[in-house]
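Coordinates as given in data.cif (mmCIF, C-alpha atoms and all ligand atoms):
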```
data_model
loop_
_atom_site.label_atom_id
_atom_site.label_comp_id
_atom_site.auth_asym_id
_atom_site.auth_seq_id
_atom_site.Cartn_x
_atom_site.Cartn_y
_atom_site.Cartn_z
CA MET E 818 0.00 0.00 0.00
CA ARG E 819 2.83 2.39 0.89
CA ARG E 820 4.11 2.06 -2.67
CA LEU E 821 1.90 4.87 -3.93
CA ASP E 822 1.04 6.86 -0.87
CA GLY E 823 0.29 10.35 -2.24
CA LYS E 824 3.11 10.31 -4.78
CA ILE E 825 3.08 12.71 -7.69
CA ILE E 826 4.55 11.05 -10.75
CA LEU E 827 5.43 12.83 -14.00
CA LEU E 828 5.89 10.70 -17.10
CA SER E 829 7.11 11.65 -20.57
CA ALA E 830 6.16 9.69 -23.72
CA ALA E 831 3.05 8.33 -22.01
CA ALA E 832 0.80 8.13 -25.07
CA GLN E 833 1.96 4.70 -26.23
CA GLY E 834 4.34 1.81 -25.56
CA ILE E 835 6.25 1.60 -22.28
CA GLY E 836 5.18 5.04 -21.01
CA ARG E 837 1.50 4.26 -21.54
CA ALA E 838 1.87 0.88 -19.80
CA ALA E 839 3.61 2.55 -16.84
CA ALA E 840 0.80 5.11 -16.47
CA ILE E 841 -1.86 2.37 -16.57
CA VAL E 842 -0.02 -0.01 -14.20
CA TRP E 843 0.25 2.88 -11.73
CA TYR E 844 -3.43 3.59 -12.13
CA CYS E 845 -4.36 -0.12 -11.61
CA LEU E 846 -2.21 -0.33 -8.46
CA TYR E 847 -3.91 2.78 -7.16
CA LEU E 848 -7.31 1.24 -7.88
CA LEU E 849 -6.41 -2.07 -6.20
CA SER E 850 -5.01 -0.40 -3.11
CA SER E 851 -8.05 1.90 -2.92
CA ILE E 852 -10.36 -1.13 -3.06
CA SER E 853 -8.44 -2.99 -0.34
CA VAL E 854 -8.36 0.13 1.81
CA ALA E 855 -12.09 0.59 1.24
CA LEU E 856 -12.72 -3.02 2.34
CA PHE E 857 -10.50 -2.51 5.40
CA TRP E 858 -12.37 0.70 6.19
CA GLU E 859 -15.72 -1.12 5.88
CA LYS E 860 -14.55 -3.77 8.40
CA ILE E 861 -13.44 -1.07 10.86
CA GLU E 862 -16.87 0.54 10.58
CA MET E 863 -18.51 -2.89 11.08
CA ILE E 864 -16.51 -3.53 14.30
CA GLU E 865 -17.33 -0.06 15.56
CA GLY E 866 -21.00 -0.74 14.73
CA ILE E 867 -21.01 -3.92 16.86
CA PHE E 868 -19.44 -2.12 19.84
CA PRO E 869 -21.13 1.28 20.02
CA GLY E 870 -18.87 3.91 21.49
CA LEU E 871 -15.68 2.09 20.47
CA ARG E 872 -13.36 4.20 18.29
CA LEU E 873 -10.53 2.01 17.06
CA ASP E 874 -8.24 4.93 16.30
CA THR E 875 -8.45 6.06 19.93
CA VAL E 876 -7.19 2.63 21.07
CA GLY E 877 -4.14 2.85 18.85
CA ILE E 878 -5.31 1.60 15.47
CA PRO E 879 -4.28 4.44 13.15
CA TYR E 880 -6.69 3.79 10.33
CA SER E 881 -7.44 7.45 9.66
CA LYS E 882 -4.11 7.76 7.84
CA THR E 883 -5.04 4.82 5.66
CA LYS E 884 -8.38 6.34 4.87
CA ALA E 885 -6.73 9.56 3.82
CA PHE E 886 -4.46 7.62 1.47
CA ALA E 887 -7.44 5.91 -0.13
CA LYS E 888 -8.69 9.33 -1.07
CA GLU E 889 -5.33 10.69 -2.08
CA GLY E 890 -3.49 7.85 -3.87
CA ALA E 891 -0.82 8.58 -6.45
CA LYS E 892 -1.29 11.28 -9.03
CA VAL E 893 0.11 10.48 -12.45
CA ILE E 894 0.79 13.36 -14.84
CA ALA E 895 1.06 11.69 -18.23
CA THR E 896 2.68 13.81 -20.94
CA ASP E 897 3.42 13.33 -24.64
CA ILE E 898 3.46 15.29 -27.90
CA ASN E 899 0.74 13.08 -29.35
CA GLU E 900 -2.40 14.76 -28.05
CA SER E 901 -4.96 12.40 -29.62
CA LYS E 902 -3.33 9.25 -28.20
CA LEU E 903 -2.86 10.99 -24.86
CA GLN E 904 -6.62 11.65 -24.69
CA GLU E 905 -7.22 7.88 -24.27
CA LEU E 906 -5.40 8.03 -20.93
CA GLY E 907 -7.56 10.91 -19.74
CA LYS E 908 -10.43 8.51 -18.97
CA TYR E 909 -8.50 7.02 -16.02
CA PRO E 910 -9.42 9.08 -12.93
CA GLY E 911 -5.95 9.03 -11.33
CA ILE E 912 -4.23 10.17 -14.54
CA GLN E 913 -3.93 13.80 -15.56
CA ILE E 914 -2.85 14.37 -19.17
CA ARG E 915 -0.72 17.20 -20.55
CA VAL E 916 0.77 17.83 -24.00
CA LEU E 917 4.53 18.28 -23.64
CA ASP E 918 7.37 18.24 -26.13
CA VAL E 919 10.35 17.25 -23.99
CA THR E 920 12.80 18.89 -26.39
CA LYS E 921 11.26 22.33 -25.74
CA ARG E 922 12.71 24.11 -22.71
CA GLU E 923 9.91 26.69 -22.54
CA GLN E 924 7.16 24.03 -22.46
CA ILE E 925 8.98 22.15 -19.69
CA GLU E 926 9.45 25.32 -17.64
CA ASN E 927 5.78 26.24 -18.05
CA LEU E 928 4.74 22.80 -16.83
CA ALA E 929 7.10 23.07 -13.86
CA LYS E 930 5.43 26.35 -12.85
CA GLU E 931 2.10 24.48 -12.61
CA ILE E 932 3.45 21.60 -10.52
CA GLU E 933 4.10 22.38 -6.90
CA LYS E 934 5.48 19.02 -5.81
CA ILE E 935 7.02 16.15 -7.76
CA ASP E 936 8.06 12.81 -6.28
CA VAL E 937 8.93 10.79 -9.35
CA LEU E 938 10.16 11.95 -12.75
CA CYS E 939 10.15 9.30 -15.48
CA ASN E 940 12.05 10.31 -18.62
CA ILE E 941 10.86 7.82 -21.21
CA ALA E 942 10.79 9.65 -24.56
CA GLY E 943 13.21 8.27 -27.09
CA PHE E 944 13.65 7.53 -30.79
CA VAL E 945 15.34 4.60 -32.56
CA HIS E 946 17.39 5.46 -35.64
CA HIS E 947 18.26 2.43 -37.79
CA GLY E 948 21.73 2.32 -39.28
CA THR E 949 25.48 2.18 -38.89
CA ILE E 950 27.58 5.33 -38.61
CA LEU E 951 27.72 5.44 -42.44
CA GLU E 952 23.93 5.70 -42.68
CA CYS E 953 23.65 8.19 -39.86
CA GLU E 954 23.50 11.73 -41.25
CA GLU E 955 24.22 14.74 -39.07
CA GLN E 956 20.53 15.51 -38.83
CA ASP E 957 19.83 11.94 -37.62
CA TRP E 958 22.59 12.33 -35.03
CA ASP E 959 21.29 15.69 -33.83
CA PHE E 960 17.64 14.61 -33.75
CA THR E 961 18.42 11.47 -31.72
CA MET E 962 20.79 13.14 -29.26
CA ASN E 963 18.30 15.98 -28.82
CA LEU E 964 15.32 13.73 -28.07
CA ASN E 965 17.08 10.88 -26.26
CA VAL E 966 19.62 12.80 -24.16
CA ARG E 967 19.18 16.59 -24.20
CA SER E 968 15.49 16.22 -23.27
CA MET E 969 16.49 14.35 -20.10
CA TYR E 970 19.04 17.05 -19.30
CA LEU E 971 16.29 19.69 -19.66
CA MET E 972 13.71 17.73 -17.63
CA ILE E 973 16.11 16.89 -14.78
CA LYS E 974 17.57 20.39 -14.65
CA THR E 975 14.07 21.87 -14.45
CA PHE E 976 12.53 19.51 -11.88
CA LEU E 977 15.55 18.67 -9.68
CA PRO E 978 15.47 22.01 -7.77
CA LYS E 979 11.90 21.19 -6.63
CA MET E 980 13.05 17.76 -5.42
CA LEU E 981 16.03 19.29 -3.60
CA LYS E 982 13.69 21.72 -1.86
CA GLN E 983 11.54 18.75 -0.77
CA LYS E 984 14.73 16.87 0.26
CA SER E 985 13.46 13.87 -1.69
CA GLY E 986 12.91 12.87 -5.25
CA ASN E 987 13.19 10.00 -7.63
CA ILE E 988 14.33 10.13 -11.24
CA ILE E 989 13.99 7.15 -13.57
CA ASN E 990 15.50 7.43 -17.03
CA MET E 991 14.89 5.14 -19.97
CA SER E 992 18.08 3.72 -21.44
CA SER E 993 18.45 0.43 -23.32
CA VAL E 994 20.61 -2.66 -23.40
CA ALA E 995 21.75 -1.23 -26.77
CA SER E 996 24.09 1.28 -25.13
CA SER E 997 27.38 0.93 -23.28
CA ILE E 998 26.09 -2.46 -22.12
CA LYS E 999 26.03 -4.21 -25.47
CA GLY E 1000 27.01 -3.52 -29.09
CA VAL E 1001 23.99 -4.00 -31.35
CA VAL E 1002 24.10 -3.78 -35.16
CA ASN E 1003 22.48 -0.81 -36.92
CA ARG E 1004 22.01 1.18 -33.72
CA CYS E 1005 24.96 3.59 -33.95
CA VAL E 1006 23.45 6.86 -32.76
CA TYR E 1007 20.75 5.14 -30.69
CA SER E 1008 23.33 3.17 -28.68
CA THR E 1009 25.47 6.28 -28.32
CA SER E 1010 22.50 8.19 -26.92
CA LYS E 1011 21.47 5.42 -24.53
CA ALA E 1012 25.05 5.08 -23.26
CA ALA E 1013 24.91 8.83 -22.55
CA VAL E 1014 21.69 8.26 -20.57
CA ILE E 1015 23.55 5.76 -18.36
CA GLY E 1016 26.35 8.31 -17.83
CA LEU E 1017 23.84 11.06 -17.03
CA THR E 1018 22.01 8.78 -14.58
CA LYS E 1019 25.21 7.85 -12.74
CA ALA E 1020 26.36 11.48 -12.60
CA VAL E 1021 23.05 12.72 -11.16
CA ALA E 1022 22.95 9.83 -8.66
CA ALA E 1023 26.52 10.55 -7.52
CA ASP E 1024 25.92 14.29 -7.17
CA PHE E 1025 22.58 14.23 -5.36
CA ILE E 1026 22.08 10.94 -3.51
CA GLU E 1027 23.23 12.52 -0.26
CA GLN E 1028 20.50 15.15 -0.65
CA GLY E 1029 17.76 12.54 -0.89
CA ILE E 1030 17.56 12.17 -4.65
CA ARG E 1031 17.59 8.73 -6.25
CA CYS E 1032 18.42 8.42 -9.94
CA ASN E 1033 18.22 5.10 -11.79
CA CYS E 1034 17.81 3.97 -15.35
CA ILE E 1035 16.14 1.01 -16.95
CA CYS E 1036 17.86 -0.82 -19.79
CA PRO E 1037 15.45 -3.19 -21.52
CA GLY E 1038 16.13 -5.52 -24.41
CA THR E 1039 13.56 -5.52 -27.21
CA VAL E 1040 10.08 -4.61 -26.02
CA ASP E 1041 6.95 -5.20 -28.07
CA THR E 1042 5.57 -1.68 -28.57
CA PRO E 1043 3.82 0.11 -31.48
CA SER E 1044 7.06 1.75 -32.59
CA LEU E 1045 8.87 -1.60 -32.65
CA GLN E 1046 6.13 -3.03 -34.87
CA GLU E 1047 6.48 0.04 -37.14
CA ARG E 1048 10.25 -0.50 -37.34
CA ILE E 1049 9.72 -4.15 -38.27
CA GLN E 1050 7.18 -3.26 -40.97
CA ALA E 1051 9.51 -0.57 -42.34
CA ARG E 1052 12.24 -3.15 -43.12
CA PRO E 1053 12.46 -4.49 -46.70
CA ASN E 1054 11.66 -7.99 -45.36
CA PRO E 1055 9.49 -7.62 -42.21
CA GLU E 1056 9.34 -11.38 -41.61
CA GLN E 1057 13.12 -11.61 -41.53
CA ALA E 1058 13.33 -8.44 -39.42
CA LEU E 1059 11.04 -10.04 -36.81
CA LYS E 1060 13.21 -13.19 -36.80
CA ASP E 1061 16.34 -11.05 -36.35
CA PHE E 1062 14.80 -9.21 -33.39
CA LEU E 1063 13.77 -12.49 -31.77
CA ALA E 1064 17.22 -14.02 -32.38
CA ARG E 1065 18.71 -11.25 -30.20
CA GLN E 1066 16.48 -12.31 -27.31
CA LYS E 1067 17.89 -15.08 -25.12
CA THR E 1068 14.36 -15.61 -23.80
CA GLY E 1069 13.10 -16.31 -27.33
CA ARG E 1070 10.46 -13.62 -26.95
CA MET E 1071 10.20 -9.89 -26.63
CA ALA E 1072 9.50 -8.24 -23.31
CA THR E 1073 6.08 -6.67 -22.87
CA ALA E 1074 5.59 -3.00 -22.07
CA GLU E 1075 3.82 -4.05 -18.84
CA GLU E 1076 6.88 -6.00 -17.64
CA VAL E 1077 9.00 -2.90 -17.99
CA ALA E 1078 6.24 -0.77 -16.44
CA HIS E 1079 6.37 -2.86 -13.25
CA LEU E 1080 10.07 -2.08 -12.97
CA PHE E 1081 9.22 1.64 -13.04
CA VAL E 1082 6.72 1.10 -10.24
CA TYR E 1083 9.29 -0.82 -8.19
CA LEU E 1084 12.01 1.79 -8.64
CA ALA E 1085 9.57 4.58 -7.77
CA SER E 1086 8.37 2.83 -4.62
CA ASP E 1087 9.62 3.26 -1.07
CA GLU E 1088 10.80 -0.37 -1.20
CA VAL E 1089 13.97 1.04 -2.78
CA SER E 1090 14.21 4.09 -0.56
CA ILE E 1091 17.52 5.53 0.57
CA ASP E 1092 16.93 4.45 4.17
CA ASN E 1093 16.15 0.99 3.00
CA LYS E 1094 19.16 -1.31 2.98
CA ILE E 1095 18.12 -2.94 -0.29
CA SER E 1096 18.44 0.42 -2.04
CA CYS E 1097 20.05 0.40 -5.47
CA HIS E 1098 20.60 4.12 -5.31
CA ARG E 1099 24.16 4.09 -6.60
CA ILE E 1100 23.77 1.35 -9.14
CA PRO E 1101 21.58 1.91 -12.17
CA CYS E 1102 19.19 -0.96 -12.44
CA TYR E 1103 19.56 -3.06 -15.55
CA PHE E 1104 16.67 -5.03 -16.90
CA ALA E 1105 17.76 -6.90 -19.98
CA ALA E 1106 14.77 -8.89 -21.16
P1 LIG M 1 7.28 4.37 -28.64
O1 LIG M 1 8.29 4.75 -29.66
O2 LIG M 1 6.25 3.36 -28.98
O3 LIG M 1 6.57 5.70 -28.13
C1 LIG M 1 7.33 6.82 -27.91
C2 LIG M 1 6.41 7.94 -27.43
O4 LIG M 1 7.22 9.09 -27.32
C3 LIG M 1 5.28 8.27 -28.40
O5 LIG M 1 4.04 8.31 -27.72
C4 LIG M 1 5.67 9.63 -28.94
O6 LIG M 1 4.56 10.44 -29.27
C5 LIG M 1 6.48 10.19 -27.79
N1 LIG M 1 7.39 11.25 -28.20
C6 LIG M 1 8.16 11.32 -29.31
N2 LIG M 1 8.81 12.48 -29.36
C7 LIG M 1 8.47 13.17 -28.24
C8 LIG M 1 8.81 14.45 -27.73
N3 LIG M 1 9.64 15.28 -28.39
N4 LIG M 1 8.27 14.84 -26.55
C9 LIG M 1 7.42 14.03 -25.89
N5 LIG M 1 7.05 12.81 -26.33
C10 LIG M 1 7.57 12.39 -27.49
O7 LIG M 1 8.02 4.03 -27.33
P2 LIG M 1 8.59 2.70 -26.71
O8 LIG M 1 8.98 1.70 -27.74
O9 LIG M 1 7.69 2.34 -25.61
O10 LIG M 1 9.94 3.29 -26.11
C11 LIG M 1 9.94 4.17 -25.02
C12 LIG M 1 11.36 4.35 -24.55
O11 LIG M 1 11.92 3.09 -24.25
C13 LIG M 1 12.29 5.00 -25.56
O12 LIG M 1 13.20 5.84 -24.90
C14 LIG M 1 13.01 3.82 -26.15
O13 LIG M 1 14.27 4.17 -26.68
C15 LIG M 1 13.15 2.92 -24.94
N6 LIG M 1 13.35 1.51 -25.26
C16 LIG M 1 12.47 0.87 -26.06
C17 LIG M 1 12.69 -0.48 -26.36
C18 LIG M 1 11.77 -1.23 -27.29
O14 LIG M 1 12.15 -2.30 -27.76
N7 LIG M 1 10.57 -0.75 -27.54
C19 LIG M 1 13.80 -1.13 -25.84
C20 LIG M 1 14.67 -0.44 -24.99
C21 LIG M 1 14.43 0.90 -24.72
#
```

Using structure tokens, write down the structure that the file contains.
Ligand code: NAD
Amino acid sequence: MRRLDGKIILLSAAAQGIGRAAAIVWYCLYLLSSISVALFWEKIEMIEGIFPGLRLDTVGIPYSKTKAFAKEGAKVIATDINESKLQELGKYPGIQIRVLDVTKREQIENLAKEIEKIDVLCNIAGFVHHGTILECEEQDWDFTMNLNVRSMYLMIKTFLPKMLKQKSGNIINMSSVASSIKGVVNRCVYSTSKAAVIGLTKAVAADFIEQGIRCNCICPGTVDTPSLQERIQARPNPEQALKDFLARQKTGRMATAEEVAHLFVYLASDEVSIDNKISCHRIPCYFAA
């Protein structure tokens, strides 16, 4: 239950794929915990009904806090540039949607002015360029580095001061196994950018962990998302492209967006808090599916 307790979570690239799954998994956890809290609350009221005059909180059962949490829950602010896809998330009560281009400093700063408190910042936006260095033009290089790395620099630089003021905060960046972890064919600028994300994550963690800020990154293998399917269909031989993707996977299958989403939830939870001895606050967390 404590996983979500009143947390404010800001997600980029939430309209589809891993970001969307993370927003929905958070929402479902909120719903489940609200239901269990509601059932617990009902039982308390039943006991108090049987013994008139008995107030369980006055005899040391602090349920009022729990009740407050049921009302409060986590608040997810789901952002993306794709407004129409983002609208689909708006129907979930715990999710607030907001159009945001993470490469635009002004838009990020405007959003920051509207958000008083932020507990978790998830930087998920990224783009996959296909090709070796010989097929990577300068504009491909600049576009990828801008979206995959500079956007995280802008987001962290904007929201970190709020976290420092709160003396707590949690940043989760999206990297990839195609990075400094592993050489993958036809991913020259993509791997370069994701290696930079690992470096950025470690630098932020090293600089701010003592001030209560955790910074981790997630490094998945191939995940079945709409953009992956588009990349497969864009190849001259999609059937072979699918086989090639699967051949890279030791598991023989792709990871699902939901599997990666659960890792976001875990890293954002207090189960990995700084006070907690199982904290992975200095070691970026690798998830190579
Ligand atoms: P996706 O490509 O399916 O969706 C990306 C989302 O980002 C889209 O909703 C898009 O509208 C949004 N977006 C694009 N440009 C944006 C911008 N400037 N500002 C805000 N939003 C923007 O995503 P995915 O496949 O779930 O990948 C998400 C992240 O995970 C990326 O960083 C990707 O590199 C990384 N990743 C993906 C895989 C995979 O196999 N799918 C594997 C490892 C890492």

Rows by chain and residue number, segment 955-994 of chain E within 10 Å of segment 1000-1021 of chain E, shortest pair, only C-alpha atoms, as a Markdown table:
```
| residue | atom | partner | partner_atom | distance |
| --- | --- | --- | --- | --- |
| E:Asp957 | CA | E:Val1006 | CA | 7.9 |
| E:Trp958 | CA | E:Val1006 | CA | 6.0 |
| E:Asp959 | CA | E:Val1006 | CA | 9.2 |
| E:Phe960 | CA | E:Val1006 | CA | 9.7 |
| E:Thr961 | CA | E:Tyr1007 | CA | 6.8 |
| E:Met962 | CA | E:Ser1010 | CA | 5.7 |
| E:Asn963 | CA | E:Ser1010 | CA | 9.1 |
| E:Leu964 | CA | E:Ser1010 | CA | 9.1 |
| E:Asn965 | CA | E:Ser1010 | CA | 6.1 |
| E:Val966 | CA | E:Ser1010 | CA | 6.1 |
| E:Arg967 | CA | E:Val1014 | CA | 9.4 |
| E:Met969 | CA | E:Val1014 | CA | 8.0 |
| E:Tyr970 | CA | E:Leu1017 | CA | 8.0 |
| E:Ile973 | CA | E:Val1021 | CA | 8.9 |
| E:Leu977 | CA | E:Val1021 | CA | 9.7 |
| E:Ile988 | CA | E:Thr1018 | CA | 8.5 |
| E:Ile989 | CA | E:Thr1018 | CA | 8.2 |
| E:Asn990 | CA | E:Thr1018 | CA | 7.1 |
| E:Met991 | CA | E:Val1014 | CA | 7.5 |
| E:Ser992 | CA | E:Lys1011 | CA | 4.9 |
| E:Ser993 | CA | E:Lys1011 | CA | 6.0 |
| E:Val994 | CA | E:Lys1011 | CA | 8.2 |
```

Shell of 7 Å around ligand LIG 1 (chain M) (all atoms listed in the file), written as a VMD selection string
chain E and resid 829 to 836 896 to 899 917 to 920 941 to 945 964 to 965 991 to 994 1036 to 1045 1074

From the options E:Gln983, E:Gln913, E:Asn927, E:Asn1033, which residue's atoms come nearest to Leu1080 of chain E, counting only C-alpha atoms?
E:Asn1033

What does the structure give for the distance between atom CA of Ile925 of chain E and atom CA of Phe976 of chain E, in Å to one decimal?
9.0 Å

Reconstruct N, CA and C atoms of segment 944-965 of chain E from the incomplete input and present them as a short mmCIF file (atom, residue, chain, number, x, y, z; two decimals), in the frame of the given file.
```cif
data_model
loop_
_atom_site.label_atom_id
_atom_site.label_comp_id
_atom_site.auth_asym_id
_atom_site.auth_seq_id
_atom_site.Cartn_x
_atom_site.Cartn_y
_atom_site.Cartn_z
N PHE E 944 13.87 7.87 -29.38
CA PHE E 944 13.65 7.53 -30.79
C PHE E 944 14.75 6.56 -31.23
N VAL E 945 14.36 5.59 -32.07
CA VAL E 945 15.34 4.60 -32.56
C VAL E 945 15.68 4.91 -34.02
N HIS E 946 16.93 5.32 -34.26
CA HIS E 946 17.39 5.46 -35.64
C HIS E 946 18.03 4.14 -36.07
N HIS E 947 17.71 3.70 -37.29
CA HIS E 947 18.26 2.43 -37.79
C HIS E 947 19.45 2.73 -38.69
N GLY E 948 20.60 2.16 -38.38
CA GLY E 948 21.73 2.32 -39.28
C GLY E 948 23.07 2.35 -38.58
N THR E 949 24.11 2.09 -39.39
CA THR E 949 25.48 2.18 -38.89
C THR E 949 25.88 3.66 -38.92
N ILE E 950 27.12 3.93 -38.56
CA ILE E 950 27.58 5.33 -38.61
C ILE E 950 27.53 5.88 -40.04
N LEU E 951 27.71 4.99 -41.05
CA LEU E 951 27.72 5.44 -42.44
C LEU E 951 26.34 5.86 -42.92
N GLU E 952 25.29 5.30 -42.29
CA GLU E 952 23.93 5.70 -42.68
C GLU E 952 23.36 6.78 -41.77
N CYS E 953 24.15 7.21 -40.82
CA CYS E 953 23.65 8.19 -39.86
C CYS E 953 24.11 9.59 -40.28
N GLU E 954 23.16 10.36 -40.84
CA GLU E 954 23.50 11.73 -41.25
C GLU E 954 23.55 12.64 -40.02
N GLU E 955 24.12 13.81 -40.22
CA GLU E 955 24.22 14.74 -39.07
C GLU E 955 22.87 15.06 -38.46
N GLN E 956 21.86 15.17 -39.38
CA GLN E 956 20.53 15.51 -38.83
C GLN E 956 19.96 14.35 -38.02
N ASP E 957 20.29 13.10 -38.40
CA ASP E 957 19.83 11.94 -37.62
C ASP E 957 20.50 11.96 -36.24
N TRP E 958 21.80 12.26 -36.28
CA TRP E 958 22.59 12.33 -35.03
C TRP E 958 22.00 13.38 -34.10
N ASP E 959 21.78 14.59 -34.67
CA ASP E 959 21.29 15.69 -33.83
C ASP E 959 19.89 15.42 -33.30
N PHE E 960 19.02 14.87 -34.17
CA PHE E 960 17.64 14.61 -33.75
C PHE E 960 17.63 13.61 -32.59
N THR E 961 18.41 12.53 -32.74
CA THR E 961 18.42 11.47 -31.72
C THR E 961 19.01 11.98 -30.41
N MET E 962 20.15 12.66 -30.49
CA MET E 962 20.79 13.14 -29.26
C MET E 962 19.90 14.18 -28.56
N ASN E 963 19.19 14.96 -29.38
CA ASN E 963 18.30 15.98 -28.82
C ASN E 963 17.13 15.34 -28.06
N LEU E 964 16.49 14.36 -28.71
CA LEU E 964 15.32 13.73 -28.07
C LEU E 964 15.73 12.74 -26.97
N ASN E 965 16.75 11.95 -27.22
CA ASN E 965 17.08 10.88 -26.26
C ASN E 965 17.91 11.35 -25.06
#
```
